[in-house]
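Okay, final-v1.cif now, which holds mmCIF, C-alpha atoms:
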data_entry
#
loop_
_atom_site.label_atom_id
_atom_site.label_comp_id
_atom_site.auth_asym_id
_atom_site.auth_seq_id
_atom_site.Cartn_x
_atom_site.Cartn_y
_atom_site.Cartn_z
CA MET K 21 -9.07 37.34 45.85
CA THR K 22 -11.93 38.79 43.86
CA ALA K 23 -15.29 37.05 43.68
CA ARG K 24 -15.03 36.76 39.94
CA LYS K 25 -11.76 34.81 40.15
CA ARG K 26 -13.06 32.59 42.99
CA TYR K 27 -16.20 31.64 41.04
CA LYS K 28 -14.14 30.97 37.95
CA ILE K 29 -11.86 28.60 39.90
CA GLU K 30 -14.87 26.82 41.44
CA LYS K 31 -16.37 26.39 37.97
CA LYS K 32 -13.13 24.87 36.64
CA VAL K 33 -12.99 22.45 39.58
CA ARG K 34 -16.60 21.33 38.95
CA GLU K 35 -15.88 20.76 35.26
CA HIS K 36 -12.75 18.80 36.09
CA ASN K 37 -14.57 16.58 38.59
CA ARG K 38 -17.39 15.99 36.10
CA LYS K 39 -14.84 14.94 33.49
CA LEU K 40 -13.15 12.52 35.93
CA LYS K 41 -16.51 10.93 36.83
CA ARG K 42 -17.35 10.45 33.17
CA LEU K 43 -13.98 8.81 32.47
CA ASP K 44 -14.43 6.49 35.47
CA LYS K 45 -17.82 5.39 34.17
CA GLU K 46 -16.34 4.67 30.75
CA LYS K 47 -13.52 2.63 32.31
CA LYS K 48 -15.93 0.55 34.39
CA THR K 49 -18.09 -0.36 31.40
CA GLY K 50 -15.07 -1.03 29.23
CA LYS K 51 -13.37 -3.37 31.69
CA LYS K 52 -16.19 -5.88 31.90
CA GLY K 53 -15.10 -8.96 30.03
CA LYS K 54 -17.57 -10.78 27.88
CA LYS K 55 -18.14 -14.39 28.77
CA LEU K 56 -17.41 -16.63 25.83
CA ILE K 57 -20.26 -18.98 26.57
CA ILE K 58 -22.94 -19.27 29.27
CA VAL K 59 -23.78 -22.78 30.40
CA PRO K 60 -26.66 -23.55 32.80
CA GLY K 61 -25.68 -25.21 36.07
CA ASP K 62 -27.86 -28.30 35.54
CA CYS K 63 -26.21 -29.17 32.20
CA PRO K 64 -24.59 -32.66 32.48
CA PHE K 65 -21.53 -31.78 30.37
CA LYS K 66 -20.92 -28.34 31.83
CA GLU K 67 -17.21 -28.95 32.61
CA GLN K 68 -16.48 -30.22 29.10
CA ILE K 69 -18.27 -27.30 27.46
CA LEU K 70 -16.44 -24.78 29.64
CA ALA K 71 -13.09 -26.49 28.92
CA GLU K 72 -13.77 -26.32 25.18
CA ALA K 73 -14.72 -22.67 25.50
CA THR K 74 -11.53 -21.79 27.37
CA ALA K 75 -9.46 -23.76 24.85
CA LEU K 76 -11.15 -21.86 22.01
CA LYS K 77 -10.47 -18.57 23.75
CA GLU K 78 -6.80 -19.50 24.20
CA ASN K 79 -6.55 -20.47 20.52
CA ILE K 80 -7.99 -17.10 19.51
CA ILE K 81 -5.46 -15.29 21.72
CA LYS K 82 -2.57 -17.36 20.31
CA ALA K 83 -3.69 -16.63 16.74
CA LYS K 84 -3.78 -12.90 17.49
CA GLU K 85 -0.29 -13.03 18.99
CA ALA K 86 1.01 -14.98 15.98
CA ARG K 87 -0.52 -12.37 13.67
CA LYS K 88 1.16 -9.60 15.66
CA GLU K 89 4.52 -11.36 15.43
CA GLN K 90 4.07 -11.80 11.67
CA VAL K 91 3.32 -8.09 11.25
CA LYS K 92 6.41 -7.20 13.29
CA ALA K 93 8.58 -9.50 11.18
CA ASP K 94 7.18 -7.96 7.97
CA LYS K 95 7.90 -4.46 9.29
CA LYS K 96 11.47 -5.42 10.12
CA ALA K 97 11.95 -6.91 6.65
CA ARG K 98 10.56 -3.75 5.00
CA LYS K 99 12.82 -1.55 7.12
CA ALA K 100 15.85 -3.65 6.22
CA LEU K 101 14.94 -3.44 2.53
CA PHE K 102 14.53 0.32 2.83
CA LYS K 103 17.91 0.71 4.50
CA GLU K 104 19.61 -1.39 1.83
CA THR K 105 17.90 -0.11 -1.29
CA GLY K 106 16.18 3.16 -0.44
CA VAL K 107 12.80 1.90 -1.64
CA LEU K 108 9.94 2.85 0.66
CA PRO K 109 7.55 0.09 1.79
CA GLY K 110 4.74 1.49 -0.37
CA GLY K 111 6.93 1.33 -3.47
CA GLY K 112 8.04 4.95 -3.42
CA VAL K 113 11.59 6.21 -3.26
CA ALA K 114 13.11 8.46 -0.66
CA PRO K 115 14.28 11.72 -2.28
CA HIS K 116 17.90 11.22 -1.26
CA ASN K 117 17.92 7.64 -2.56
CA VAL K 118 16.60 8.11 -6.09
CA ALA K 119 19.79 6.62 -7.56
CA LYS K 120 19.25 3.42 -5.59
CA LYS K 121 15.79 2.80 -7.07
CA LYS K 122 17.10 1.02 -10.15
CA GLU K 123 19.32 -1.21 -8.04
CA ALA K 124 16.37 -2.05 -5.79
CA ASN K 125 14.16 -2.91 -8.75
CA ASN K 126 16.87 -5.15 -10.13
CA ALA K 127 17.28 -6.82 -6.74
CA ILE K 128 13.55 -7.42 -6.52
CA THR K 129 13.17 -8.72 -10.07
CA GLY K 130 16.38 -10.73 -9.89
CA GLN K 131 18.17 -8.94 -12.68
CA GLY K 132 21.82 -8.15 -12.24
CA GLY K 133 23.62 -4.97 -13.23
CA SER K 134 22.07 -1.62 -13.96
CA ALA K 135 18.75 -1.15 -15.71
CA SER K 136 20.24 0.15 -18.95
CA ALA K 137 20.52 -1.33 -22.43
CA GLU K 138 22.14 -4.43 -20.94
CA SER K 139 18.84 -5.60 -19.45
CA LYS K 140 17.05 -5.40 -22.84
CA PRO K 141 17.84 -8.07 -25.42
CA LYS K 142 19.80 -6.65 -28.33
CA GLU K 143 18.00 -6.79 -31.66
CA SER K 144 19.79 -7.71 -34.81
CA PHE K 145 20.01 -5.28 -37.72
CA GLU K 146 17.61 -7.38 -39.79
CA GLU K 147 14.94 -7.28 -37.06
CA LEU K 148 15.28 -3.51 -36.72
CA LEU K 149 15.03 -3.07 -40.49
CA LYS K 150 11.94 -5.26 -40.66
CA ARG K 151 10.22 -3.34 -37.85
CA ALA K 152 11.01 -0.03 -39.55
CA GLN K 153 9.57 -1.25 -42.86
CA ASP K 154 6.41 -2.50 -41.14
CA ARG K 155 5.95 0.87 -39.50
CA GLY K 156 6.53 2.57 -42.84
CA TYR K 157 3.87 0.45 -44.53
CA HIS K 158 1.48 1.22 -41.71
CA PHE K 159 2.16 4.95 -42.01
CA GLU K 160 1.65 4.87 -45.79
CA LYS K 161 -1.72 3.12 -45.40
CA ILE K 162 -2.88 5.77 -42.95
CA GLU K 163 -1.76 8.56 -45.29
CA GLU K 164 -3.64 6.99 -48.20
CA GLN K 165 -6.82 6.74 -46.12
CA LYS K 166 -6.53 10.38 -45.10
CA LYS K 167 -6.04 11.53 -48.70
CA LYS K 168 -9.18 9.63 -49.69
CA GLN K 169 -11.12 11.29 -46.87
CA GLY K 170 -9.64 14.74 -47.52
CA GLY K 171 -7.71 14.65 -44.26
CA ASP K 172 -6.01 17.37 -42.27
CA VAL K 173 -2.60 18.39 -43.63
CA SER K 174 -1.62 20.76 -40.83
CA LEU K 175 1.59 20.53 -38.86
CA LYS K 176 -0.31 19.32 -35.76
CA ALA K 177 -1.82 16.43 -37.69
CA PHE K 178 1.59 15.48 -39.08
CA TYR K 179 3.10 15.53 -35.58
CA ARG K 180 0.26 13.37 -34.22
CA GLU K 181 0.82 10.78 -36.94
CA PHE K 182 4.56 10.94 -36.46
CA GLN K 183 4.14 10.17 -32.75
CA GLN K 184 1.97 7.16 -33.59
CA VAL K 185 4.58 5.72 -35.94
CA LEU K 186 7.54 6.21 -33.58
CA PRO K 187 8.07 3.43 -31.06
CA ARG K 188 7.64 4.39 -27.44
CA PHE K 189 10.78 3.80 -25.40
CA ASP K 190 9.89 3.26 -21.75
#
The structure given in the file should be rewritten as structure tokens.
Amino acid sequence: MTARKRYKIEKKVREHNRKLKRLDKEKKTGKKGKKLIIVPGDCPFKEQILAEATALKENIIKAKEARKEQVKADKKARKALFKETGVLPGGGVAPHNVAKKKEANNAITGQGGSASAESKPKESFEELLKRAQDRGYHFEKIEEQKKKQGGDVSLKAFYREFQQVLPRFD
């Protein structure tokens, strides 16, 4: 074996041992438990205080365990919902389950059937006619104001106004 290789191996061993010592020191300091409360020995109610402290510590541990169980139950519920509907827990949709998104939304909101025209209330002809006339009056008022101001008559301006008058179907 060459000297170069031997020294290299010795160096690696030293580094490894140094790393192990450092990890052992970290473990020793990390394992020390903090005392919840320190009571002097001459205190007349020392036993009661220590009993209360241990009971408090146990309550804290039980609360943490209950919280963990609640989180687990929520995760299971989200997973079950995802398997049934294809809706991700954050509200997104898996790419292969895009068709199931509408069903999931209906299940969540309590609406039955698909999310098509059936879910919207049907308007009567009179209501539609009245809305159209209102929009027409609104459009005419805007046009009159623009003519008074010497407004833009380009195709872009017309399209912009047309988009404002049209109802937005979402």
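Taking CA of Ala83 in chain K as the reference point, CA of Phe102 in chain K is found at 28.5 Å.
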Quick one: distance from CA of Val185 in chain K to CA of Glu160 in chain K in Å, one decimal? 10.3 Å
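This file, queried with the PyMOL selection byres ((chain K and resi 186) around 12), gives the residues Arg151, Ala152, Asp154, Arg155, Gly156, His158, Phe159, Tyr179, Arg180, Glu181, Phe182, Gln183, Gln184, Val185, Pro187, Arg188 and Phe189 of chain K.
Our summary of the geometry notes that CA of Leu40 in chain K is positioned 27.5 Å from CA of Thr22 in chain K.
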